[in-house]
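structure03.csv (CSV, N, CA and C atoms)
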chain,number,residue,atom,x,y,z
A,1,MET,N,-61.8,63.5,-3.0
A,1,MET,CA,-62.8,62.6,-2.6
A,1,MET,C,-62.4,62.0,-1.2
A,2,GLY,N,-61.9,62.7,-0.4
A,2,GLY,CA,-61.5,62.2,0.9
A,2,GLY,C,-60.0,61.9,1.0
A,3,ASP,N,-59.6,61.2,2.1
A,3,ASP,CA,-58.2,60.9,2.3
A,3,ASP,C,-57.7,59.9,1.3
A,4,VAL,N,-56.5,60.1,0.9
A,4,VAL,CA,-55.9,59.1,0.0
A,4,VAL,C,-55.0,58.2,0.8
A,5,GLU,N,-55.2,56.9,0.7
A,5,GLU,CA,-54.5,55.9,1.5
A,5,GLU,C,-53.0,56.0,1.2
A,6,GLU,N,-52.2,55.6,2.1
A,6,GLU,CA,-50.8,55.5,1.9
A,6,GLU,C,-50.4,54.6,0.8
A,7,VAL,N,-51.1,53.5,0.7
A,7,VAL,CA,-50.8,52.5,-0.4
A,7,VAL,C,-51.0,53.1,-1.8
A,8,VAL,N,-52.0,53.9,-1.9
A,8,VAL,CA,-52.3,54.6,-3.2
A,8,VAL,C,-51.2,55.6,-3.5
A,9,LEU,N,-50.7,56.3,-2.5
A,9,LEU,CA,-49.6,57.3,-2.7
A,9,LEU,C,-48.4,56.5,-3.1
A,10,ARG,N,-48.1,55.4,-2.4
A,10,ARG,CA,-46.9,54.6,-2.8
A,10,ARG,C,-46.9,54.1,-4.2
A,11,ASP,N,-48.1,53.6,-4.6
A,11,ASP,CA,-48.2,53.2,-6.0
A,11,ASP,C,-48.1,54.3,-7.0
A,12,ARG,N,-48.6,55.5,-6.7
A,12,ARG,CA,-48.5,56.6,-7.6
A,12,ARG,C,-47.0,57.1,-7.7
A,13,ARG,N,-46.3,57.0,-6.6
A,13,ARG,CA,-44.9,57.4,-6.6
A,13,ARG,C,-44.1,56.4,-7.5
A,14,ALA,N,-44.4,55.1,-7.3
A,14,ALA,CA,-43.7,54.1,-8.1
A,14,ALA,C,-44.0,54.2,-9.6
A,15,LEU,N,-45.2,54.5,-9.9
A,15,LEU,CA,-45.6,54.7,-11.3
A,15,LEU,C,-44.9,55.9,-11.9
A,16,ALA,N,-44.8,57.0,-11.1
A,16,ALA,CA,-44.2,58.2,-11.6
A,16,ALA,C,-42.7,58.0,-11.8
A,17,GLN,N,-42.0,57.2,-10.9
A,17,GLN,CA,-40.6,57.1,-11.0
A,17,GLN,C,-40.2,56.0,-12.0
A,18,GLU,N,-40.9,54.9,-12.0
A,18,GLU,CA,-40.5,53.7,-12.7
A,18,GLU,C,-41.3,53.4,-14.0
A,19,GLY,N,-42.5,53.8,-14.1
A,19,GLY,CA,-43.4,53.5,-15.2
A,19,GLY,C,-44.1,52.2,-15.0
A,20,MET,N,-44.7,51.7,-16.1
A,20,MET,CA,-45.4,50.5,-16.1
A,20,MET,C,-45.3,49.8,-17.5
A,21,ILE,N,-45.5,48.5,-17.4
A,21,ILE,CA,-45.5,47.6,-18.6
A,21,ILE,C,-46.7,46.7,-18.5
A,22,VAL,N,-47.6,46.7,-19.6
A,22,VAL,CA,-48.7,45.8,-19.6
A,22,VAL,C,-48.4,44.7,-20.6
A,23,ILE,N,-48.5,43.5,-20.2
A,23,ILE,CA,-48.2,42.4,-21.1
A,23,ILE,C,-49.5,41.6,-21.3
A,24,ILE,N,-50.0,41.5,-22.5
A,24,ILE,CA,-51.3,40.8,-22.8
A,24,ILE,C,-50.9,39.5,-23.5
A,25,LEU,N,-51.3,38.4,-22.9
A,25,LEU,CA,-51.1,37.1,-23.4
A,25,LEU,C,-52.5,36.5,-23.8
A,26,THR,N,-52.6,36.1,-25.1
A,26,THR,CA,-53.8,35.5,-25.6
A,26,THR,C,-53.6,34.0,-25.8
A,27,LEU,N,-54.3,33.2,-25.0
A,27,LEU,CA,-54.0,31.8,-24.9
A,27,LEU,C,-55.2,31.0,-25.3
A,28,ALA,N,-54.9,29.8,-25.8
A,28,ALA,CA,-56.0,28.9,-26.1
A,28,ALA,C,-56.6,28.3,-24.8
A,29,ARG,N,-57.9,28.3,-24.7
A,29,ARG,CA,-58.6,27.8,-23.5
A,29,ARG,C,-58.4,26.3,-23.5
A,30,GLY,N,-58.3,25.8,-22.3
A,30,GLY,CA,-58.1,24.4,-22.1
A,30,GLY,C,-56.8,24.0,-21.4
A,31,LYS,N,-56.4,22.8,-21.6
A,31,LYS,CA,-55.2,22.4,-20.9
A,31,LYS,C,-53.9,22.9,-21.6
A,32,GLY,N,-52.9,23.3,-20.8
A,32,GLY,CA,-51.7,23.8,-21.3
A,32,GLY,C,-51.9,25.3,-21.5
A,33,ALA,N,-50.8,26.0,-21.9
A,33,ALA,CA,-50.8,27.4,-22.2
A,33,ALA,C,-50.2,27.7,-23.5
A,34,ARG,N,-51.0,27.5,-24.6
A,34,ARG,CA,-50.6,27.7,-25.9
A,34,ARG,C,-51.0,29.1,-26.4
A,35,LEU,N,-50.0,29.9,-26.8
A,35,LEU,CA,-50.2,31.2,-27.3
A,35,LEU,C,-50.9,31.2,-28.7
A,36,LEU,N,-51.9,32.1,-28.8
A,36,LEU,CA,-52.6,32.2,-30.1
A,36,LEU,C,-52.1,33.3,-30.9
A,37,LYS,N,-51.4,34.3,-30.3
A,37,LYS,CA,-50.8,35.3,-31.1
A,37,LYS,C,-49.6,35.9,-30.3
A,38,ASN,N,-48.8,36.6,-30.9
A,38,ASN,CA,-47.6,37.2,-30.3
A,38,ASN,C,-48.0,38.0,-29.1
A,39,PRO,N,-47.3,38.0,-28.0
A,39,PRO,CA,-47.7,38.8,-26.8
A,39,PRO,C,-47.7,40.3,-27.1
A,40,ASP,N,-48.7,41.0,-26.7
A,40,ASP,CA,-48.8,42.5,-26.9
A,40,ASP,C,-48.1,43.1,-25.7
A,41,ILE,N,-47.3,44.1,-25.9
A,41,ILE,CA,-46.6,44.8,-24.8
A,41,ILE,C,-46.8,46.3,-24.9
A,42,ILE,N,-47.3,46.9,-23.9
A,42,ILE,CA,-47.6,48.3,-23.8
A,42,ILE,C,-46.7,48.9,-22.7
A,43,SER,N,-46.0,50.0,-23.0
A,43,SER,CA,-45.2,50.7,-22.0
A,43,SER,C,-45.7,52.1,-21.8
A,44,ARG,N,-45.8,52.5,-20.5
A,44,ARG,CA,-46.2,53.8,-20.2
A,44,ARG,C,-45.2,54.4,-19.1
A,45,GLY,N,-44.5,55.4,-19.5
A,45,GLY,CA,-43.6,56.0,-18.6
A,45,GLY,C,-42.3,55.2,-18.2
A,46,PHE,N,-42.1,54.2,-19.1
A,46,PHE,CA,-40.9,53.3,-18.8
A,46,PHE,C,-39.9,53.4,-19.9
A,47,ILE,N,-40.2,52.9,-21.1
A,47,ILE,CA,-39.3,53.0,-22.2
A,47,ILE,C,-40.1,53.4,-23.5
A,48,PHE,N,-39.5,54.0,-24.4
A,48,PHE,CA,-40.1,54.4,-25.7
A,48,PHE,C,-40.0,53.1,-26.6
A,49,LEU,N,-41.2,52.6,-26.9
A,49,LEU,CA,-41.2,51.3,-27.6
A,49,LEU,C,-40.4,51.3,-29.0
A,50,LYS,N,-40.6,52.4,-29.7
A,50,LYS,CA,-40.0,52.4,-31.1
A,50,LYS,C,-38.5,52.4,-31.0
A,51,GLU,N,-37.9,53.0,-29.9
A,51,GLU,CA,-36.5,53.1,-29.8
A,51,GLU,C,-35.9,51.9,-29.1
A,52,ASN,N,-36.7,51.0,-28.6
A,52,ASN,CA,-36.2,49.8,-27.8
A,52,ASN,C,-36.8,48.5,-28.3
A,53,GLN,N,-36.9,48.3,-29.6
A,53,GLN,CA,-37.5,47.1,-30.2
A,53,GLN,C,-36.7,45.9,-29.8
A,54,ASP,N,-35.4,46.0,-29.5
A,54,ASP,CA,-34.6,44.8,-29.1
A,54,ASP,C,-35.1,44.3,-27.8
A,55,ILE,N,-35.3,45.2,-26.8
A,55,ILE,CA,-35.8,44.8,-25.5
A,55,ILE,C,-37.2,44.2,-25.6
A,56,ILE,N,-38.1,44.8,-26.5
A,56,ILE,CA,-39.4,44.2,-26.6
A,56,ILE,C,-39.4,42.8,-27.2
A,57,GLU,N,-38.6,42.6,-28.3
A,57,GLU,CA,-38.5,41.3,-28.9
A,57,GLU,C,-37.9,40.3,-27.9
A,58,GLU,N,-36.9,40.7,-27.1
A,58,GLU,CA,-36.4,39.8,-26.1
A,58,GLU,C,-37.4,39.4,-25.1
A,59,MET,N,-38.3,40.4,-24.7
A,59,MET,CA,-39.3,40.1,-23.8
A,59,MET,C,-40.3,39.1,-24.4
A,60,ARG,N,-40.7,39.2,-25.6
A,60,ARG,CA,-41.6,38.3,-26.3
A,60,ARG,C,-40.9,36.9,-26.4
A,61,LYS,N,-39.7,36.9,-26.7
A,61,LYS,CA,-39.0,35.6,-26.8
A,61,LYS,C,-39.0,34.9,-25.4
A,62,ARG,N,-38.7,35.6,-24.4
A,62,ARG,CA,-38.7,35.1,-23.0
A,62,ARG,C,-40.1,34.6,-22.6
A,63,LEU,N,-41.1,35.3,-23.0
A,63,LEU,CA,-42.5,34.9,-22.7
A,63,LEU,C,-42.9,33.6,-23.4
A,64,ARG,N,-42.5,33.5,-24.7
A,64,ARG,CA,-42.8,32.3,-25.4
A,64,ARG,C,-42.0,31.1,-24.8
A,65,ALA,N,-40.8,31.3,-24.4
A,65,ALA,CA,-40.0,30.3,-23.7
A,65,ALA,C,-40.6,29.9,-22.4
A,66,LEU,N,-41.1,30.9,-21.6
A,66,LEU,CA,-41.7,30.6,-20.3
A,66,LEU,C,-42.9,29.7,-20.5
A,67,LEU,N,-43.8,30.1,-21.5
A,67,LEU,CA,-45.0,29.3,-21.7
A,67,LEU,C,-44.6,27.9,-22.3
A,68,GLY,N,-43.5,27.8,-23.0
A,68,GLY,CA,-43.1,26.5,-23.5
A,68,GLY,C,-42.6,25.5,-22.4
A,69,ARG,N,-42.1,26.1,-21.3
A,69,ARG,CA,-41.6,25.3,-20.2
A,69,ARG,C,-42.7,24.8,-19.3
A,70,LEU,N,-43.9,25.3,-19.4
A,70,LEU,CA,-45.0,24.9,-18.5
A,70,LEU,C,-45.5,23.5,-19.0
A,71,PRO,N,-45.9,22.7,-18.0
A,71,PRO,CA,-46.4,21.4,-18.3
A,71,PRO,C,-47.6,21.4,-19.2
A,72,MET,N,-47.6,20.6,-20.2
A,72,MET,CA,-48.8,20.4,-21.1
A,72,MET,C,-49.8,19.5,-20.5
A,73,GLY,N,-51.0,19.6,-20.9
A,73,GLY,CA,-52.0,18.7,-20.4
A,73,GLY,C,-52.6,19.0,-19.0
A,74,GLN,N,-52.1,20.1,-18.4
A,74,GLN,CA,-52.7,20.5,-17.1
A,74,GLN,C,-53.4,21.8,-17.3
A,75,GLU,N,-54.4,22.0,-16.4
A,75,GLU,CA,-55.1,23.3,-16.4
A,75,GLU,C,-54.1,24.4,-16.0
A,76,MET,N,-54.2,25.5,-16.7
A,76,MET,CA,-53.3,26.6,-16.3
A,76,MET,C,-54.0,27.6,-15.4
A,77,GLU,N,-53.5,27.8,-14.3
A,77,GLU,CA,-54.1,28.8,-13.3
A,77,GLU,C,-53.6,30.2,-13.7
A,78,PRO,N,-54.5,31.1,-14.2
A,78,PRO,CA,-54.0,32.4,-14.6
A,78,PRO,C,-53.2,33.2,-13.6
A,79,ASP,N,-53.6,33.1,-12.3
A,79,ASP,CA,-52.8,33.9,-11.3
A,79,ASP,C,-51.4,33.4,-11.2
A,80,TYR,N,-51.2,32.1,-11.3
A,80,TYR,CA,-49.9,31.5,-11.3
A,80,TYR,C,-49.0,32.0,-12.5
A,81,LEU,N,-49.7,32.0,-13.6
A,81,LEU,CA,-49.0,32.5,-14.8
A,81,LEU,C,-48.6,33.9,-14.7
A,82,LYS,N,-49.5,34.7,-14.2
A,82,LYS,CA,-49.2,36.2,-14.0
A,82,LYS,C,-48.1,36.4,-13.1
A,83,THR,N,-48.0,35.6,-12.0
A,83,THR,CA,-46.9,35.7,-11.1
A,83,THR,C,-45.6,35.3,-11.8
A,84,LEU,N,-45.6,34.3,-12.5
A,84,LEU,CA,-44.4,33.9,-13.3
A,84,LEU,C,-43.9,35.0,-14.2
A,85,VAL,N,-44.9,35.5,-15.0
A,85,VAL,CA,-44.5,36.6,-15.9
A,85,VAL,C,-43.9,37.8,-15.2
A,86,ARG,N,-44.6,38.2,-14.1
A,86,ARG,CA,-44.1,39.4,-13.3
A,86,ARG,C,-42.6,39.1,-12.8
A,87,ASP,N,-42.4,37.9,-12.3
A,87,ASP,CA,-41.0,37.6,-11.8
A,87,ASP,C,-40.0,37.6,-12.9
A,88,GLN,N,-40.3,36.8,-14.0
A,88,GLN,CA,-39.3,36.6,-15.0
A,88,GLN,C,-39.0,37.9,-15.8
A,89,ILE,N,-40.1,38.6,-16.2
A,89,ILE,CA,-39.9,39.8,-17.0
A,89,ILE,C,-39.3,40.9,-16.1
A,90,GLY,N,-39.7,40.9,-14.8
A,90,GLY,CA,-39.2,41.9,-13.9
A,90,GLY,C,-37.7,41.8,-13.7
A,91,GLN,N,-37.2,40.5,-13.6
A,91,GLN,CA,-35.7,40.3,-13.4
A,91,GLN,C,-35.0,40.7,-14.7
A,92,PHE,N,-35.6,40.4,-15.9
A,92,PHE,CA,-35.0,40.7,-17.2
A,92,PHE,C,-34.9,42.2,-17.3
A,93,LEU,N,-36.0,42.9,-17.0
A,93,LEU,CA,-36.0,44.4,-17.2
A,93,LEU,C,-35.0,45.1,-16.2
A,94,TYR,N,-35.0,44.6,-15.0
A,94,TYR,CA,-34.0,45.2,-14.1
A,94,TYR,C,-32.6,45.0,-14.5
A,95,GLY,N,-32.3,43.8,-15.1
A,95,GLY,CA,-30.9,43.6,-15.6
A,95,GLY,C,-30.6,44.5,-16.7
A,96,LYS,N,-31.5,44.8,-17.6
A,96,LYS,CA,-31.3,45.6,-18.8
A,96,LYS,C,-31.3,47.1,-18.4
A,97,THR,N,-32.2,47.6,-17.5
A,97,THR,CA,-32.4,49.0,-17.4
A,97,THR,C,-32.1,49.5,-16.0
A,98,ARG,N,-31.9,48.6,-15.0
A,98,ARG,CA,-31.8,49.0,-13.6
A,98,ARG,C,-33.0,49.8,-13.1
A,99,ARG,N,-34.1,49.5,-13.6
A,99,ARG,CA,-35.4,50.1,-13.2
A,99,ARG,C,-36.4,48.9,-13.0
A,100,ARG,N,-37.4,49.2,-12.1
A,100,ARG,CA,-38.4,48.2,-11.8
A,100,ARG,C,-39.8,48.8,-12.1
A,101,PRO,N,-40.2,48.7,-13.3
A,101,PRO,CA,-41.5,49.2,-13.7
A,101,PRO,C,-42.6,48.2,-13.1
A,102,MET,N,-43.8,48.8,-12.9
A,102,MET,CA,-44.9,47.9,-12.5
A,102,MET,C,-45.3,47.1,-13.7
A,103,ILE,N,-45.4,45.8,-13.5
A,103,ILE,CA,-45.7,44.9,-14.6
A,103,ILE,C,-47.1,44.3,-14.3
A,104,LEU,N,-48.0,44.6,-15.3
A,104,LEU,CA,-49.3,44.1,-15.2
A,104,LEU,C,-49.6,43.1,-16.3
A,105,PRO,N,-49.5,41.8,-16.0
A,105,PRO,CA,-49.9,40.8,-17.0
A,105,PRO,C,-51.4,40.6,-17.1
A,106,VAL,N,-51.8,40.5,-18.4
A,106,VAL,CA,-53.3,40.2,-18.6
A,106,VAL,C,-53.3,38.9,-19.4
A,107,VAL,N,-54.1,38.0,-18.9
A,107,VAL,CA,-54.2,36.7,-19.6
A,107,VAL,C,-55.6,36.6,-20.1
A,108,ILE,N,-55.7,36.4,-21.4
A,108,ILE,CA,-57.0,36.3,-22.1
A,108,ILE,C,-57.1,34.9,-22.7
A,109,GLU,N,-58.1,34.1,-22.3
A,109,GLU,CA,-58.3,32.8,-22.8
A,109,GLU,C,-59.4,32.7,-23.8
A,110,ILE,N,-59.1,32.2,-24.9
A,110,ILE,CA,-60.1,32.1,-26.0
A,110,ILE,C,-60.4,30.7,-26.3

Is it possible to express this structure as structure tokens?
Amino acid sequence: MGDVEEVVLRDRRALAQEGMIVIILTLARGKGARLLKNPDIISRGFIFLKENQDIIEEMRKRLRALLGRLPMGQEMEPDYLKTLVRDQIGQFLYGKTRRRPMILPVVIEI
């Protein structure tokens, strides 16, 4: 369908080499960032989830701690939260695996 932009090719190369992680956070709407359920984590091309449950549980633990450190009583900006998740989980995963998967946080407010 025409020329493929250099940015698209770069992203495709990164996904092929490093994989991706999708983190789904379901939060209570309103002030603060209170989790309504355990964060869902989906891995594609990065790690096999069944063989790496310790990494997945540590990621969930870090996500809960991150949300617990946020100030209560203030409106939570979803883009700010996504940036925090990308940074914190990215550093953790690099420390464990020496790989940098694409991290896609999804924030659902109910």

Val107 (chain A) environment, 6 Å, all atoms listed in the file, sequence neighbours closer than 3 positions dropped, as JSON, numbers by chain: {"A": [24, 25, 26]}

Keeping N, CA and C atoms, export the residues of the selection given above as a PDB file, keeping the file's coordinate frame.
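Contents of again-v5.pdb, as written:
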ATOM      1  N   ILE A  24     -50.000  41.500 -22.500  1.00  0.00           N
ATOM      2  CA  ILE A  24     -51.300  40.800 -22.800  1.00  0.00           C
ATOM      3  C   ILE A  24     -50.900  39.500 -23.500  1.00  0.00           C
ATOM      4  N   LEU A  25     -51.300  38.400 -22.900  1.00  0.00           N
ATOM      5  CA  LEU A  25     -51.100  37.100 -23.400  1.00  0.00           C
ATOM      6  C   LEU A  25     -52.500  36.500 -23.800  1.00  0.00           C
ATOM      7  N   THR A  26     -52.600  36.100 -25.100  1.00  0.00           N
ATOM      8  CA  THR A  26     -53.800  35.500 -25.600  1.00  0.00           C
ATOM      9  C   THR A  26     -53.600  34.000 -25.800  1.00  0.00           C
TER      10      THR A  26
END

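Rounded to one decimal, atom C of Ala33 (chain A) and atom N of Phe92 (chain A) lie 20.8 Å from each other.
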
Picked from chain A by DSSP as alpha helix (DSSP H), as number ranges by chain: A: 6-18, 53-69, 78-97

Keeping only N, CA and C atoms, take the residues you just selected and write them out as a compact mmCIF listing (two decimals), in the frame of the given file.
# COMPACT_ATOMS: atom_id res chain seq x y z
N GLU A 6 -52.20 55.60 2.10
CA GLU A 6 -50.80 55.50 1.90
C GLU A 6 -50.40 54.60 0.80
N VAL A 7 -51.10 53.50 0.70
CA VAL A 7 -50.80 52.50 -0.40
C VAL A 7 -51.00 53.10 -1.80
N VAL A 8 -52.00 53.90 -1.90
CA VAL A 8 -52.30 54.60 -3.20
C VAL A 8 -51.20 55.60 -3.50
N LEU A 9 -50.70 56.30 -2.50
CA LEU A 9 -49.60 57.30 -2.70
C LEU A 9 -48.40 56.50 -3.10
N ARG A 10 -48.10 55.40 -2.40
CA ARG A 10 -46.90 54.60 -2.80
C ARG A 10 -46.90 54.10 -4.20
N ASP A 11 -48.10 53.60 -4.60
CA ASP A 11 -48.20 53.20 -6.00
C ASP A 11 -48.10 54.30 -7.00
N ARG A 12 -48.60 55.50 -6.70
CA ARG A 12 -48.50 56.60 -7.60
C ARG A 12 -47.00 57.10 -7.70
N ARG A 13 -46.30 57.00 -6.60
CA ARG A 13 -44.90 57.40 -6.60
C ARG A 13 -44.10 56.40 -7.50
N ALA A 14 -44.40 55.10 -7.30
CA ALA A 14 -43.70 54.10 -8.10
C ALA A 14 -44.00 54.20 -9.60
N LEU A 15 -45.20 54.50 -9.90
CA LEU A 15 -45.60 54.70 -11.30
C LEU A 15 -44.90 55.90 -11.90
N ALA A 16 -44.80 57.00 -11.10
CA ALA A 16 -44.20 58.20 -11.60
C ALA A 16 -42.70 58.00 -11.80
N GLN A 17 -42.00 57.20 -10.90
CA GLN A 17 -40.60 57.10 -11.00
C GLN A 17 -40.20 56.00 -12.00
N GLU A 18 -40.90 54.90 -12.00
CA GLU A 18 -40.50 53.70 -12.70
C GLU A 18 -41.30 53.40 -14.00
N GLN A 53 -36.90 48.30 -29.60
CA GLN A 53 -37.50 47.10 -30.20
C GLN A 53 -36.70 45.90 -29.80
N ASP A 54 -35.40 46.00 -29.50
CA ASP A 54 -34.60 44.80 -29.10
C ASP A 54 -35.10 44.30 -27.80
N ILE A 55 -35.30 45.20 -26.80
CA ILE A 55 -35.80 44.80 -25.50
C ILE A 55 -37.20 44.20 -25.60
N ILE A 56 -38.10 44.80 -26.50
CA ILE A 56 -39.40 44.20 -26.60
C ILE A 56 -39.40 42.80 -27.20
N GLU A 57 -38.60 42.60 -28.30
CA GLU A 57 -38.50 41.30 -28.90
C GLU A 57 -37.90 40.30 -27.90
N GLU A 58 -36.90 40.70 -27.10
CA GLU A 58 -36.40 39.80 -26.10
C GLU A 58 -37.40 39.40 -25.10
N MET A 59 -38.30 40.40 -24.70
CA MET A 59 -39.30 40.10 -23.80
C MET A 59 -40.30 39.10 -24.40
N ARG A 60 -40.70 39.20 -25.60
CA ARG A 60 -41.60 38.30 -26.30
C ARG A 60 -40.90 36.90 -26.40
N LYS A 61 -39.70 36.90 -26.70
CA LYS A 61 -39.00 35.60 -26.80
C LYS A 61 -39.00 34.90 -25.40
N ARG A 62 -38.70 35.60 -24.40
CA ARG A 62 -38.70 35.10 -23.00
C ARG A 62 -40.10 34.60 -22.60
N LEU A 63 -41.10 35.30 -23.00
CA LEU A 63 -42.50 34.90 -22.70
C LEU A 63 -42.90 33.60 -23.40
N ARG A 64 -42.50 33.50 -24.70
CA ARG A 64 -42.80 32.30 -25.40
C ARG A 64 -42.00 31.10 -24.80
N ALA A 65 -40.80 31.30 -24.40
CA ALA A 65 -40.00 30.30 -23.70
C ALA A 65 -40.60 29.90 -22.40
N LEU A 66 -41.10 30.90 -21.60
CA LEU A 66 -41.70 30.60 -20.30
C LEU A 66 -42.90 29.70 -20.50
N LEU A 67 -43.80 30.10 -21.50
CA LEU A 67 -45.00 29.30 -21.70
C LEU A 67 -44.60 27.90 -22.30
N GLY A 68 -43.50 27.80 -23.00
CA GLY A 68 -43.10 26.50 -23.50
C GLY A 68 -42.60 25.50 -22.40
N ARG A 69 -42.10 26.10 -21.30
CA ARG A 69 -41.60 25.30 -20.20
C ARG A 69 -42.70 24.80 -19.30
N PRO A 78 -54.50 31.10 -14.20
CA PRO A 78 -54.00 32.40 -14.60
C PRO A 78 -53.20 33.20 -13.60
N ASP A 79 -53.60 33.10 -12.30
CA ASP A 79 -52.80 33.90 -11.30
C ASP A 79 -51.40 33.40 -11.20
N TYR A 80 -51.20 32.10 -11.30
CA TYR A 80 -49.90 31.50 -11.30
C TYR A 80 -49.00 32.00 -12.50
N LEU A 81 -49.70 32.00 -13.60
CA LEU A 81 -49.00 32.50 -14.80
C LEU A 81 -48.60 33.90 -14.70
N LYS A 82 -49.50 34.70 -14.20
CA LYS A 82 -49.20 36.20 -14.00
C LYS A 82 -48.10 36.40 -13.10
N THR A 83 -48.00 35.60 -12.00
CA THR A 83 -46.90 35.70 -11.10
C THR A 83 -45.60 35.30 -11.80
N LEU A 84 -45.60 34.30 -12.50
CA LEU A 84 -44.40 33.90 -13.30
C LEU A 84 -43.90 35.00 -14.20
N VAL A 85 -44.90 35.50 -15.00
CA VAL A 85 -44.50 36.60 -15.90
C VAL A 85 -43.90 37.80 -15.20
N ARG A 86 -44.60 38.20 -14.10
CA ARG A 86 -44.10 39.40 -13.30
C ARG A 86 -42.60 39.10 -12.80
N ASP A 87 -42.40 37.90 -12.30
CA ASP A 87 -41.00 37.60 -11.80
C ASP A 87 -40.00 37.60 -12.90
N GLN A 88 -40.30 36.80 -14.00
CA GLN A 88 -39.30 36.60 -15.00
C GLN A 88 -39.00 37.90 -15.80
N ILE A 89 -40.10 38.60 -16.20
CA ILE A 89 -39.90 39.80 -17.00
C ILE A 89 -39.30 40.90 -16.10
N GLY A 90 -39.70 40.90 -14.80
CA GLY A 90 -39.20 41.90 -13.90
C GLY A 90 -37.70 41.80 -13.70
N GLN A 91 -37.20 40.50 -13.60
CA GLN A 91 -35.70 40.30 -13.40
C GLN A 91 -35.00 40.70 -14.70
N PHE A 92 -35.60 40.40 -15.90
CA PHE A 92 -35.00 40.70 -17.20
C PHE A 92 -34.90 42.20 -17.30
N LEU A 93 -36.00 42.90 -17.00
CA LEU A 93 -36.00 44.40 -17.20
C LEU A 93 -35.00 45.10 -16.20
N TYR A 94 -35.00 44.60 -15.00
CA TYR A 94 -34.00 45.20 -14.10
C TYR A 94 -32.60 45.00 -14.50
N GLY A 95 -32.30 43.80 -15.10
CA GLY A 95 -30.90 43.60 -15.60
C GLY A 95 -30.60 44.50 -16.70
N LYS A 96 -31.50 44.80 -17.60
CA LYS A 96 -31.30 45.60 -18.80
C LYS A 96 -31.30 47.10 -18.40
N THR A 97 -32.20 47.60 -17.50
CA THR A 97 -32.40 49.00 -17.40
C THR A 97 -32.10 49.50 -16.00

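Counting from CA of Arg62 (chain A), the distance to atom N of Gly19 (chain A) is 21.1 Å.
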
Residues within 9 Å of Val85 (chain A), only C-alpha atoms, excluding chain neighbours under 2 positions, as a VMD selection string: chain A and resid 23 63 66 80 to 83 87 to 90 103 to 105

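With all atoms listed in the file as the atoms that count, the minimum distance from Arg99 (chain A) to the choices A:Gln17, A:Arg10, A:Asp54, A:Val4 is reached by A:Gln17.
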
Length of the CA of Phe46 (chain A) to CA of Ala65 (chain A) vector [Å]: 23.5 Å

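Restricting the calculation to all atoms listed in the file, the smallest distance between Pro101 (chain A) and any of A:Met72, A:Ala28, A:Ile21, A:Ile55 is found for A:Ile21.
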
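Proximity ranking of A:Lys50, A:Arg44, A:Arg34, A:Arg98 relative to Pro71 (chain A) places A:Arg34 first, based on only C-alpha atoms.
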
Residue set, chain A restricted to strand (DSSP E), as an MDAnalysis selection string: chainID A and resid 20:27 40:44 102:109

Those residues you just picked out, can you put them in a file as a CSV table (one decimal), in the coordinates of the input with N, CA and C atoms?
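Done, and the output landed in out04.csv:
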chain,number,residue,atom,x,y,z
A,20,MET,N,-44.7,51.7,-16.1
A,20,MET,CA,-45.4,50.5,-16.1
A,20,MET,C,-45.3,49.8,-17.5
A,21,ILE,N,-45.5,48.5,-17.4
A,21,ILE,CA,-45.5,47.6,-18.6
A,21,ILE,C,-46.7,46.7,-18.5
A,22,VAL,N,-47.6,46.7,-19.6
A,22,VAL,CA,-48.7,45.8,-19.6
A,22,VAL,C,-48.4,44.7,-20.6
A,23,ILE,N,-48.5,43.5,-20.2
A,23,ILE,CA,-48.2,42.4,-21.1
A,23,ILE,C,-49.5,41.6,-21.3
A,24,ILE,N,-50.0,41.5,-22.5
A,24,ILE,CA,-51.3,40.8,-22.8
A,24,ILE,C,-50.9,39.5,-23.5
A,25,LEU,N,-51.3,38.4,-22.9
A,25,LEU,CA,-51.1,37.1,-23.4
A,25,LEU,C,-52.5,36.5,-23.8
A,26,THR,N,-52.6,36.1,-25.1
A,26,THR,CA,-53.8,35.5,-25.6
A,26,THR,C,-53.6,34.0,-25.8
A,27,LEU,N,-54.3,33.2,-25.0
A,27,LEU,CA,-54.0,31.8,-24.9
A,27,LEU,C,-55.2,31.0,-25.3
A,40,ASP,N,-48.7,41.0,-26.7
A,40,ASP,CA,-48.8,42.5,-26.9
A,40,ASP,C,-48.1,43.1,-25.7
A,41,ILE,N,-47.3,44.1,-25.9
A,41,ILE,CA,-46.6,44.8,-24.8
A,41,ILE,C,-46.8,46.3,-24.9
A,42,ILE,N,-47.3,46.9,-23.9
A,42,ILE,CA,-47.6,48.3,-23.8
A,42,ILE,C,-46.7,48.9,-22.7
A,43,SER,N,-46.0,50.0,-23.0
A,43,SER,CA,-45.2,50.7,-22.0
A,43,SER,C,-45.7,52.1,-21.8
A,44,ARG,N,-45.8,52.5,-20.5
A,44,ARG,CA,-46.2,53.8,-20.2
A,44,ARG,C,-45.2,54.4,-19.1
A,102,MET,N,-43.8,48.8,-12.9
A,102,MET,CA,-44.9,47.9,-12.5
A,102,MET,C,-45.3,47.1,-13.7
A,103,ILE,N,-45.4,45.8,-13.5
A,103,ILE,CA,-45.7,44.9,-14.6
A,103,ILE,C,-47.1,44.3,-14.3
A,104,LEU,N,-48.0,44.6,-15.3
A,104,LEU,CA,-49.3,44.1,-15.2
A,104,LEU,C,-49.6,43.1,-16.3
A,105,PRO,N,-49.5,41.8,-16.0
A,105,PRO,CA,-49.9,40.8,-17.0
A,105,PRO,C,-51.4,40.6,-17.1
A,106,VAL,N,-51.8,40.5,-18.4
A,106,VAL,CA,-53.3,40.2,-18.6
A,106,VAL,C,-53.3,38.9,-19.4
A,107,VAL,N,-54.1,38.0,-18.9
A,107,VAL,CA,-54.2,36.7,-19.6
A,107,VAL,C,-55.6,36.6,-20.1
A,108,ILE,N,-55.7,36.4,-21.4
A,108,ILE,CA,-57.0,36.3,-22.1
A,108,ILE,C,-57.1,34.9,-22.7
A,109,GLU,N,-58.1,34.1,-22.3
A,109,GLU,CA,-58.3,32.8,-22.8
A,109,GLU,C,-59.4,32.7,-23.8
